[in-house]
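**Q** What follows is the file query_34.cif, containing mmCIF, C-alpha atoms and all ligand atoms:
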```
data_entry
#
loop_
_atom_site.label_atom_id
_atom_site.label_comp_id
_atom_site.auth_asym_id
_atom_site.auth_seq_id
_atom_site.Cartn_x
_atom_site.Cartn_y
_atom_site.Cartn_z
CA MET A 242 35.44 -24.34 -56.29
CA LEU A 243 38.22 -26.75 -55.31
CA THR A 244 40.22 -29.44 -57.10
CA LEU A 245 40.86 -32.76 -55.35
CA TYR A 246 43.82 -34.82 -56.55
CA THR A 247 43.13 -38.35 -55.44
CA SER A 248 42.96 -42.12 -55.96
CA ALA A 249 40.58 -44.77 -54.59
CA THR A 250 42.34 -45.34 -51.25
CA PRO A 251 41.50 -44.66 -47.57
CA ASN A 252 43.53 -41.44 -47.43
CA GLY A 253 41.81 -40.25 -50.60
CA TRP A 254 38.35 -41.08 -49.20
CA LYS A 255 39.05 -38.97 -46.11
CA ALA A 256 39.16 -35.91 -48.37
CA SER A 257 36.34 -36.90 -50.77
CA ILE A 258 33.93 -37.91 -47.98
CA THR A 259 34.63 -34.63 -46.17
CA LEU A 260 33.99 -32.65 -49.37
CA GLU A 261 30.73 -34.57 -49.94
CA GLU A 262 29.57 -34.12 -46.34
CA LEU A 263 30.18 -30.38 -46.64
CA GLY A 264 28.46 -30.16 -50.03
CA LEU A 265 31.40 -28.22 -51.47
CA ASP A 266 31.79 -27.72 -55.20
CA TYR A 267 34.88 -29.63 -56.34
CA LYS A 268 36.32 -31.30 -59.35
CA VAL A 269 38.28 -34.53 -59.21
CA HIS A 270 41.69 -35.07 -60.76
CA HIS A 271 42.35 -38.82 -60.71
CA ILE A 272 46.00 -39.47 -59.92
CA HIS A 273 46.98 -42.79 -61.52
CA MET A 274 49.34 -44.27 -58.98
CA ASP A 275 50.08 -47.26 -61.24
CA LYS A 276 51.72 -44.72 -63.57
CA GLN A 277 53.48 -42.96 -60.65
CA GLU A 278 51.72 -39.69 -61.47
CA GLN A 279 52.04 -38.71 -57.79
CA LYS A 280 55.81 -38.39 -58.30
CA GLU A 281 55.64 -36.09 -61.34
CA PRO A 282 57.30 -32.65 -60.89
CA TRP A 283 54.06 -30.67 -61.45
CA TYR A 284 52.34 -32.66 -58.66
CA LEU A 285 55.30 -32.40 -56.26
CA LYS A 286 54.86 -28.62 -56.41
CA LEU A 287 51.43 -29.14 -54.80
CA ASN A 288 52.35 -32.08 -52.55
CA PRO A 289 56.09 -32.28 -51.73
CA ASN A 290 55.54 -35.79 -50.29
CA GLY A 291 54.41 -37.17 -53.67
CA ARG A 292 51.33 -38.90 -52.28
CA ILE A 293 47.57 -38.43 -52.51
CA PRO A 294 45.38 -36.64 -51.52
CA THR A 295 45.89 -32.92 -52.20
CA ILE A 296 43.35 -30.13 -52.58
CA VAL A 297 43.69 -26.76 -54.30
CA ASP A 298 41.24 -24.08 -53.19
CA HIS A 299 40.57 -21.83 -56.19
CA ASP A 300 38.49 -19.45 -54.04
CA ASN A 301 41.56 -18.85 -51.88
CA GLY A 302 44.18 -17.91 -54.47
CA ASP A 303 44.78 -21.54 -55.50
CA PHE A 304 45.99 -22.38 -52.01
CA ALA A 305 47.22 -26.01 -51.95
CA VAL A 306 46.85 -28.32 -48.92
CA PHE A 307 48.53 -31.73 -48.60
CA GLU A 308 48.29 -34.40 -45.83
CA SER A 309 44.77 -35.82 -45.48
CA GLY A 310 44.35 -34.72 -41.84
CA ALA A 311 45.41 -31.16 -42.68
CA ILE A 312 42.96 -31.16 -45.61
CA MET A 313 40.12 -32.22 -43.30
CA ILE A 314 40.94 -29.51 -40.73
CA TYR A 315 41.22 -26.88 -43.50
CA LEU A 316 37.81 -27.80 -44.93
CA ALA A 317 36.16 -27.98 -41.50
CA GLU A 318 37.55 -24.57 -40.54
CA LYS A 319 36.69 -23.06 -43.92
CA THR A 320 33.02 -24.04 -43.49
CA GLY A 321 32.67 -24.04 -39.69
CA ARG A 322 31.31 -27.58 -39.81
CA LEU A 323 32.40 -31.14 -38.83
CA MET A 324 34.58 -29.72 -36.01
CA PRO A 325 33.54 -27.37 -33.19
CA SER A 326 35.36 -24.07 -32.75
CA ASP A 327 35.53 -24.00 -28.93
CA VAL A 328 39.01 -24.88 -27.61
CA ASN A 329 38.07 -28.16 -25.88
CA GLY A 330 35.72 -29.42 -28.60
CA ARG A 331 38.26 -28.64 -31.32
CA SER A 332 41.04 -30.30 -29.34
CA THR A 333 38.96 -33.45 -28.80
CA VAL A 334 38.35 -33.80 -32.55
CA ILE A 335 42.03 -33.16 -33.31
CA GLN A 336 43.13 -35.73 -30.70
CA TRP A 337 41.07 -38.48 -32.36
CA LEU A 338 42.12 -37.29 -35.81
CA MET A 339 45.80 -37.50 -34.79
CA PHE A 340 45.17 -40.97 -33.36
CA GLN A 341 44.06 -41.98 -36.86
CA MET A 342 46.92 -40.14 -38.62
CA GLY A 343 49.63 -41.53 -36.34
CA GLY A 344 48.12 -44.90 -35.41
CA VAL A 345 45.28 -46.55 -37.28
CA GLY A 346 46.33 -45.30 -40.75
CA PRO A 347 50.04 -46.20 -40.66
CA MET A 348 49.46 -49.52 -38.87
CA MET A 349 46.69 -50.65 -41.25
CA GLY A 350 48.88 -49.47 -44.13
CA GLN A 351 51.73 -51.70 -42.93
CA ALA A 352 49.35 -54.61 -42.26
CA ASN A 353 48.13 -54.29 -45.87
CA VAL A 354 51.68 -54.22 -47.23
CA PHE A 355 52.84 -57.34 -45.39
CA PHE A 356 49.53 -59.26 -45.58
CA ARG A 357 48.58 -58.42 -49.18
CA TYR A 358 51.44 -57.06 -51.25
CA ALA A 359 54.87 -58.17 -49.96
CA PRO A 360 56.61 -60.54 -52.40
CA GLU A 361 57.86 -62.54 -49.41
CA ARG A 362 55.58 -63.82 -46.61
CA ILE A 363 57.04 -62.61 -43.28
CA PRO A 364 54.80 -63.93 -40.46
CA TYR A 365 56.50 -61.77 -37.80
CA ALA A 366 55.67 -58.55 -39.69
CA ILE A 367 52.12 -59.64 -40.54
CA GLU A 368 51.36 -60.56 -36.93
CA ARG A 369 53.03 -57.47 -35.50
CA TYR A 370 50.96 -55.02 -37.58
CA GLN A 371 47.69 -56.96 -37.41
CA ARG A 372 48.01 -57.27 -33.61
CA GLU A 373 48.66 -53.53 -33.29
CA CYS A 374 45.65 -52.76 -35.52
CA ARG A 375 43.43 -54.95 -33.35
CA ARG A 376 44.74 -53.15 -30.23
CA LEU A 377 43.94 -49.77 -31.80
CA PHE A 378 40.47 -51.02 -32.80
CA GLU A 379 39.90 -51.96 -29.15
CA VAL A 380 40.76 -48.39 -28.13
CA LEU A 381 38.12 -47.13 -30.59
CA ASP A 382 35.60 -49.71 -29.37
CA THR A 383 36.07 -48.63 -25.74
CA ARG A 384 35.60 -44.99 -26.72
CA LEU A 385 32.45 -45.83 -28.69
CA ALA A 386 30.95 -47.83 -25.81
CA ASP A 387 29.90 -44.54 -24.14
CA ASN A 388 29.87 -42.24 -27.14
CA ARG A 389 27.82 -42.37 -30.34
CA TYR A 390 30.71 -40.73 -32.25
CA LEU A 391 34.41 -40.45 -31.49
CA ALA A 392 34.59 -36.76 -30.55
CA GLY A 393 31.24 -35.22 -29.69
CA ASP A 394 29.00 -34.74 -32.73
CA TYR A 395 29.78 -36.52 -36.02
CA SER A 396 33.08 -34.98 -37.13
CA ILE A 397 36.15 -35.28 -39.32
CA ALA A 398 37.54 -37.68 -36.67
CA ASP A 399 34.77 -40.17 -37.54
CA ILE A 400 35.34 -39.74 -41.28
CA ALA A 401 39.10 -40.27 -40.90
CA HIS A 402 38.72 -43.49 -38.93
CA PHE A 403 35.83 -44.80 -41.00
CA SER A 404 37.85 -44.48 -44.21
CA TRP A 405 40.47 -46.87 -42.83
CA VAL A 406 38.51 -49.20 -40.50
CA TRP A 407 36.04 -49.97 -43.33
CA GLY A 408 38.85 -52.04 -44.94
CA TYR A 409 39.53 -54.22 -41.87
CA ILE A 410 39.04 -57.43 -43.88
CA TRP A 411 41.59 -56.28 -46.47
CA SER A 412 44.06 -55.76 -43.60
CA GLY A 413 43.18 -59.20 -42.19
CA VAL A 414 42.14 -57.73 -38.84
CA SER A 415 39.04 -59.05 -37.07
CA ILE A 416 36.41 -56.84 -35.49
CA ASP A 417 34.72 -59.81 -33.80
CA GLY A 418 33.54 -58.90 -30.32
CA LEU A 419 33.97 -55.15 -30.98
CA ASP A 420 30.24 -54.46 -30.95
CA HIS A 421 30.48 -50.70 -30.48
CA LEU A 422 32.93 -50.32 -33.34
CA SER A 423 30.65 -52.48 -35.59
CA ARG A 424 27.61 -50.38 -34.65
CA TRP A 425 29.48 -47.15 -35.48
CA LEU A 426 30.86 -48.58 -38.75
CA ASP A 427 27.35 -49.62 -39.87
CA GLU A 428 25.88 -46.23 -39.00
CA ILE A 429 28.50 -44.22 -40.87
CA GLN A 430 28.41 -46.52 -43.88
CA GLN A 431 24.70 -45.68 -44.33
CA ARG A 432 25.33 -41.97 -44.84
CA ASP A 433 24.72 -40.87 -48.44
CA ALA A 434 27.68 -38.47 -48.44
CA VAL A 435 29.95 -41.29 -47.25
CA LYS A 436 28.74 -43.57 -50.06
CA ARG A 437 29.29 -40.82 -52.64
CA GLY A 438 32.72 -39.96 -51.24
CA GLN A 439 33.85 -43.58 -51.31
CA ASP A 440 33.05 -43.76 -55.02
CA VAL A 441 35.65 -41.04 -55.76
CA PRO A 442 37.46 -41.19 -58.15
CA GLU A 443 35.91 -44.60 -58.94
CA PRO A 444 34.01 -47.27 -56.96
CA THR A 445 36.01 -49.90 -55.05
CA ASP A 446 34.77 -53.50 -55.30
CA LEU A 447 36.16 -55.00 -52.08
CA ASP A 448 34.51 -58.40 -52.71
CA ARG A 449 36.23 -58.63 -56.08
CA MET A 450 39.58 -57.59 -54.55
CA LEU A 451 39.22 -60.34 -51.92
CA ARG A 452 38.25 -62.97 -54.53
CA GLU A 453 41.22 -62.02 -56.71
CA ALA A 454 43.57 -62.10 -53.72
CA ASP A 455 42.28 -65.61 -52.86
CA GLN A 456 42.81 -66.74 -56.45
CA ARG A 457 46.36 -65.38 -56.44
CA ALA A 458 47.05 -67.25 -53.18
CA GLU A 459 45.59 -70.44 -54.74
CA SER A 460 47.78 -70.12 -57.82
CA VAL A 461 50.89 -69.60 -55.66
CA ARG A 462 49.95 -72.69 -53.64
CA GLY A 463 49.53 -74.50 -57.00
CA ILE A 464 53.04 -73.53 -58.11
CA LEU A 465 54.56 -74.49 -54.75
CA ALA A 466 52.78 -77.87 -54.61
N1 LIG A 501 50.23 -39.01 -44.45
C1 LIG A 501 49.72 -38.95 -45.81
C2 LIG A 501 49.76 -40.33 -46.40
C3 LIG A 501 49.27 -40.34 -47.82
C4 LIG A 501 49.50 -41.69 -48.48
O1 LIG A 501 50.21 -42.55 -47.95
N2 LIG A 501 48.87 -41.87 -49.64
C5 LIG A 501 49.07 -43.09 -50.39
C6 LIG A 501 47.71 -43.66 -50.84
S1 LIG A 501 46.67 -44.06 -49.46
C7 LIG A 501 49.91 -42.79 -51.64
O2 LIG A 501 49.77 -41.74 -52.21
N3 LIG A 501 50.74 -43.74 -52.04
C8 LIG A 501 51.54 -43.60 -53.21
C9 LIG A 501 53.01 -43.57 -52.95
O3 LIG A 501 53.43 -43.88 -51.82
O4 LIG A 501 53.77 -43.28 -53.88
C10 LIG A 501 48.28 -38.41 -45.77
O5 LIG A 501 47.59 -38.70 -44.79
O6 LIG A 501 47.87 -37.69 -46.71
#
```
Would you mind writing the structure in this file as structure tokens?

**A**
Amino acid sequence: MLTLYTSATPNGWKASITLEELGLDYKVHHIHMDKQEQKEPWYLKLNPNGRIPTIVDHDNGDFAVFESGAIMIYLAEKTGRLMPSDVNGRSTVIQWLMFQMGGVGPMMGQANVFFRYAPERIPYAIERYQRECRRLFEVLDTRLADNRYLAGDYSIADIAHFSWVWGYIWSGVSIDGLDHLSRWLDEIQQRDAVKRGQDVPEPTDLDRMLREADQRAESVRGILA
């Protein structure tokens, strides 16, 4: 039995999809980020960075793991699945996982901030992060041209990237012309465990988020006019 502390965000889905794929028994503790629960002292004892996700493994003396990539590696190694144990196979998965942790995740995160949430519209920042996301997507597309999955068999590297790339429209980054990436995205999206994991701790209605964002943009245009 494990506890997952999470919210409905890409980094949270990386942990919940992995737990679902592995069929592990876990309970969900919804961290309400709108109430800043991730900064409360009790939570900082589990995750010094004050962010989601975190897991606590009750079968291992309540061992706590923070950082989504570290959580995925811990769960894969605990079960011996979603990552091979031979040196080269393991390294290949970790390389693509690190590419997500250091590249796709932070860059899409910044694209979201400047494109969706910043109180001031800064075209230089929006273009910089969206262009870098598109470049990173092209790296994934090239890899997927000759490979069904990113690192050998379906692995935590695929789950990590899927959780972020799925929201490309929210980041305002096109995947037009990236046929291999689209094919991979469609395939992973069809997996039952992925669907279940993406509904943790609650379903995300991307269409509604996009409609509401459009309405907000309309009302701002209305005020400015
Ligand atoms: N490198 C961390 C990043 C985690 C992260 O940025 N989580 C976001 C949600 S996706 C968060 O908790 N944001 C709340 C905050 O910054 O206070 C990881 O991969 O676990």

**Q** One decimal, Å: what's the distance from CA of Ala317 in chain A over to CA of Leu287 in chain A, could you say?

**A** 20.3 Å

**Q** Could you tell me which of A:Gly413, A:Pro347, A:Gly408, A:Gly321 comes closest to Glu368 in chain A if we count only C-alpha atoms?

**A**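 Counting only C-alpha atoms, the residue closest to Glu368 in chain A is A:Gly413.
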
**Q** Counting only C-alpha atoms and all ligand atoms, what are the residues of chain A within 7 Å of ligand LIG 501 (chain A), and for each of them which pair of atoms is the nearest and at what distance in Å, to one decimal? Sort the table by chain and rising number, as a tab-separated table.

**A**
```
residue	atom	partner	partner_atom	distance
A:Thr250	CA	A:LIG501	S1	4.9
A:Pro251	CA	A:LIG501	S1	5.5
A:Asn252	CA	A:LIG501	S1	4.6
A:Gly253	CA	A:LIG501	S1	6.3
A:Met274	CA	A:LIG501	C8	6.2
A:Gln277	CA	A:LIG501	O4	6.8
A:Gln279	CA	A:LIG501	O4	6.3
A:Lys280	CA	A:LIG501	O4	6.9
A:Gly291	CA	A:LIG501	O4	6.1
A:Arg292	CA	A:LIG501	O2	3.2
A:Ile293	CA	A:LIG501	O2	4.0
A:Pro294	CA	A:LIG501	O6	5.5
A:Phe307	CA	A:LIG501	O6	6.3
A:Glu308	CA	A:LIG501	O6	3.4
A:Ser309	CA	A:LIG501	O6	3.8
A:Gly310	CA	A:LIG501	O5	5.9
A:Met342	CA	A:LIG501	O5	6.4
```

**Q** Print the selection's residues with C-alpha atoms to a file, as a short mmCIF file (atom, residue, chain, number, x, y, z; two decimals), in the coordinates of the input.

**A**
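Output saved as result_5.cif:
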```cif
data_model
loop_
_atom_site.label_atom_id
_atom_site.label_comp_id
_atom_site.auth_asym_id
_atom_site.auth_seq_id
_atom_site.Cartn_x
_atom_site.Cartn_y
_atom_site.Cartn_z
CA THR A 250 42.34 -45.34 -51.25
CA PRO A 251 41.50 -44.66 -47.57
CA ASN A 252 43.53 -41.44 -47.43
CA GLY A 253 41.81 -40.25 -50.60
CA MET A 274 49.34 -44.27 -58.98
CA GLN A 277 53.48 -42.96 -60.65
CA GLN A 279 52.04 -38.71 -57.79
CA LYS A 280 55.81 -38.39 -58.30
CA GLY A 291 54.41 -37.17 -53.67
CA ARG A 292 51.33 -38.90 -52.28
CA ILE A 293 47.57 -38.43 -52.51
CA PRO A 294 45.38 -36.64 -51.52
CA PHE A 307 48.53 -31.73 -48.60
CA GLU A 308 48.29 -34.40 -45.83
CA SER A 309 44.77 -35.82 -45.48
CA GLY A 310 44.35 -34.72 -41.84
CA MET A 342 46.92 -40.14 -38.62
#
```

**Q** Skipping near chain neighbours, those fewer than 6 positions away, what residues fall within 12 Å of range 428-432 of chain A using only C-alpha atoms, listed as a VMD selection string?

**A** chain A and resid 258 to 259 261 to 262 389 to 391 395 to 404 406 to 408 421 to 422 438 to 439

**Q** Which residue out of A:Ser423, A:Asp327, A:Ala256, A:Gly350 has the minimum interatomic distance to Ala311 in chain A when all atoms listed in the file are used?

**A**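 Ranking A:Ser423, A:Asp327, A:Ala256, A:Gly350 by distance to Ala311 in chain A, first place goes to A:Ala256.
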
**Q** Counting only C-alpha atoms, which residue out of A:Ser412, A:Asn301, A:Ser326, A:Ser332 sits closest to Gln351 in chain A?

**A** A:Ser412

**Q** For Thr320 in chain A, find every residue with an atom within 9 Å (counting only C-alpha atoms), except residues of its own chain fewer than 4 positions away, and show them as a count of residues only.

**A** 3

**Q** Can you put N, CA and C atoms back into range 309-331 of chain A and show it as an mmCIF file, in the frame of the given file?

**A**
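For reference, out-v3.cif as written:
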```cif
data_model
loop_
_atom_site.group_PDB
_atom_site.id
_atom_site.type_symbol
_atom_site.label_atom_id
_atom_site.label_comp_id
_atom_site.auth_asym_id
_atom_site.auth_seq_id
_atom_site.Cartn_x
_atom_site.Cartn_y
_atom_site.Cartn_z
ATOM 1 N N SER A 309 46.235 -35.666 -45.566
ATOM 2 C CA SER A 309 44.770 -35.820 -45.480
ATOM 3 C C SER A 309 44.185 -35.180 -44.216
ATOM 4 N N GLY A 310 44.883 -35.310 -43.081
ATOM 5 C CA GLY A 310 44.350 -34.720 -41.840
ATOM 6 C C GLY A 310 44.314 -33.207 -41.928
ATOM 7 N N ALA A 311 45.363 -32.616 -42.527
ATOM 8 C CA ALA A 311 45.410 -31.160 -42.680
ATOM 9 C C ALA A 311 44.312 -30.690 -43.635
ATOM 10 N N ILE A 312 44.034 -31.505 -44.656
ATOM 11 C CA ILE A 312 42.960 -31.160 -45.610
ATOM 12 C C ILE A 312 41.617 -31.131 -44.870
ATOM 13 N N MET A 313 41.402 -32.141 -44.014
ATOM 14 C CA MET A 313 40.120 -32.220 -43.300
ATOM 15 C C MET A 313 39.957 -31.011 -42.356
ATOM 16 N N ILE A 314 41.023 -30.658 -41.645
ATOM 17 C CA ILE A 314 40.940 -29.510 -40.730
ATOM 18 C C ILE A 314 40.695 -28.229 -41.537
ATOM 19 N N TYR A 315 41.393 -28.095 -42.658
ATOM 20 C CA TYR A 315 41.220 -26.880 -43.500
ATOM 21 C C TYR A 315 39.765 -26.748 -43.933
ATOM 22 N N LEU A 316 39.186 -27.856 -44.421
ATOM 23 C CA LEU A 316 37.810 -27.800 -44.930
ATOM 24 C C LEU A 316 36.811 -27.560 -43.802
ATOM 25 N N ALA A 317 37.062 -28.184 -42.640
ATOM 26 C CA ALA A 317 36.160 -27.980 -41.500
ATOM 27 C C ALA A 317 36.214 -26.525 -41.046
ATOM 28 N N GLU A 318 37.424 -25.959 -41.001
ATOM 29 C CA GLU A 318 37.550 -24.570 -40.540
ATOM 30 C C GLU A 318 37.030 -23.587 -41.583
ATOM 31 N N LYS A 319 37.181 -23.943 -42.849
ATOM 32 C CA LYS A 319 36.690 -23.060 -43.920
ATOM 33 C C LYS A 319 35.164 -22.917 -43.857
ATOM 34 N N THR A 320 34.493 -24.022 -43.469
ATOM 35 C CA THR A 320 33.020 -24.040 -43.490
ATOM 36 C C THR A 320 32.414 -23.873 -42.097
ATOM 37 N N GLY A 321 33.225 -24.083 -41.056
ATOM 38 C CA GLY A 321 32.670 -24.040 -39.690
ATOM 39 C C GLY A 321 31.809 -25.243 -39.379
ATOM 40 N N ARG A 322 32.094 -26.354 -40.059
ATOM 41 C CA ARG A 322 31.310 -27.580 -39.810
ATOM 42 C C ARG A 322 32.229 -28.789 -39.633
ATOM 43 N N LEU A 323 31.689 -29.862 -39.058
ATOM 44 C CA LEU A 323 32.400 -31.140 -38.830
ATOM 45 C C LEU A 323 33.527 -31.021 -37.812
ATOM 46 N N MET A 324 33.624 -29.888 -37.125
ATOM 47 C CA MET A 324 34.580 -29.720 -36.010
ATOM 48 C C MET A 324 34.147 -28.467 -35.256
ATOM 49 N N PRO A 325 33.948 -28.566 -33.923
ATOM 50 C CA PRO A 325 33.540 -27.370 -33.190
ATOM 51 C C PRO A 325 34.665 -26.347 -33.122
ATOM 52 N N SER A 326 34.308 -25.088 -32.794
ATOM 53 C CA SER A 326 35.360 -24.070 -32.750
ATOM 54 C C SER A 326 35.809 -23.756 -31.319
ATOM 55 N N ASP A 327 35.062 -24.249 -30.295
ATOM 56 C CA ASP A 327 35.530 -24.000 -28.930
ATOM 57 C C ASP A 327 36.800 -24.826 -28.674
ATOM 58 N N VAL A 328 37.660 -24.312 -27.772
ATOM 59 C CA VAL A 328 39.010 -24.880 -27.610
ATOM 60 C C VAL A 328 38.938 -26.372 -27.264
ATOM 61 N N ASN A 329 38.094 -26.760 -26.306
ATOM 62 C CA ASN A 329 38.070 -28.160 -25.880
ATOM 63 C C ASN A 329 37.468 -29.077 -26.950
ATOM 64 N N GLY A 330 36.378 -28.604 -27.565
ATOM 65 C CA GLY A 330 35.720 -29.420 -28.600
ATOM 66 C C GLY A 330 36.644 -29.638 -29.785
ATOM 67 N N ARG A 331 37.326 -28.548 -30.184
ATOM 68 C CA ARG A 331 38.260 -28.640 -31.320
ATOM 69 C C ARG A 331 39.413 -29.573 -30.970
#
```
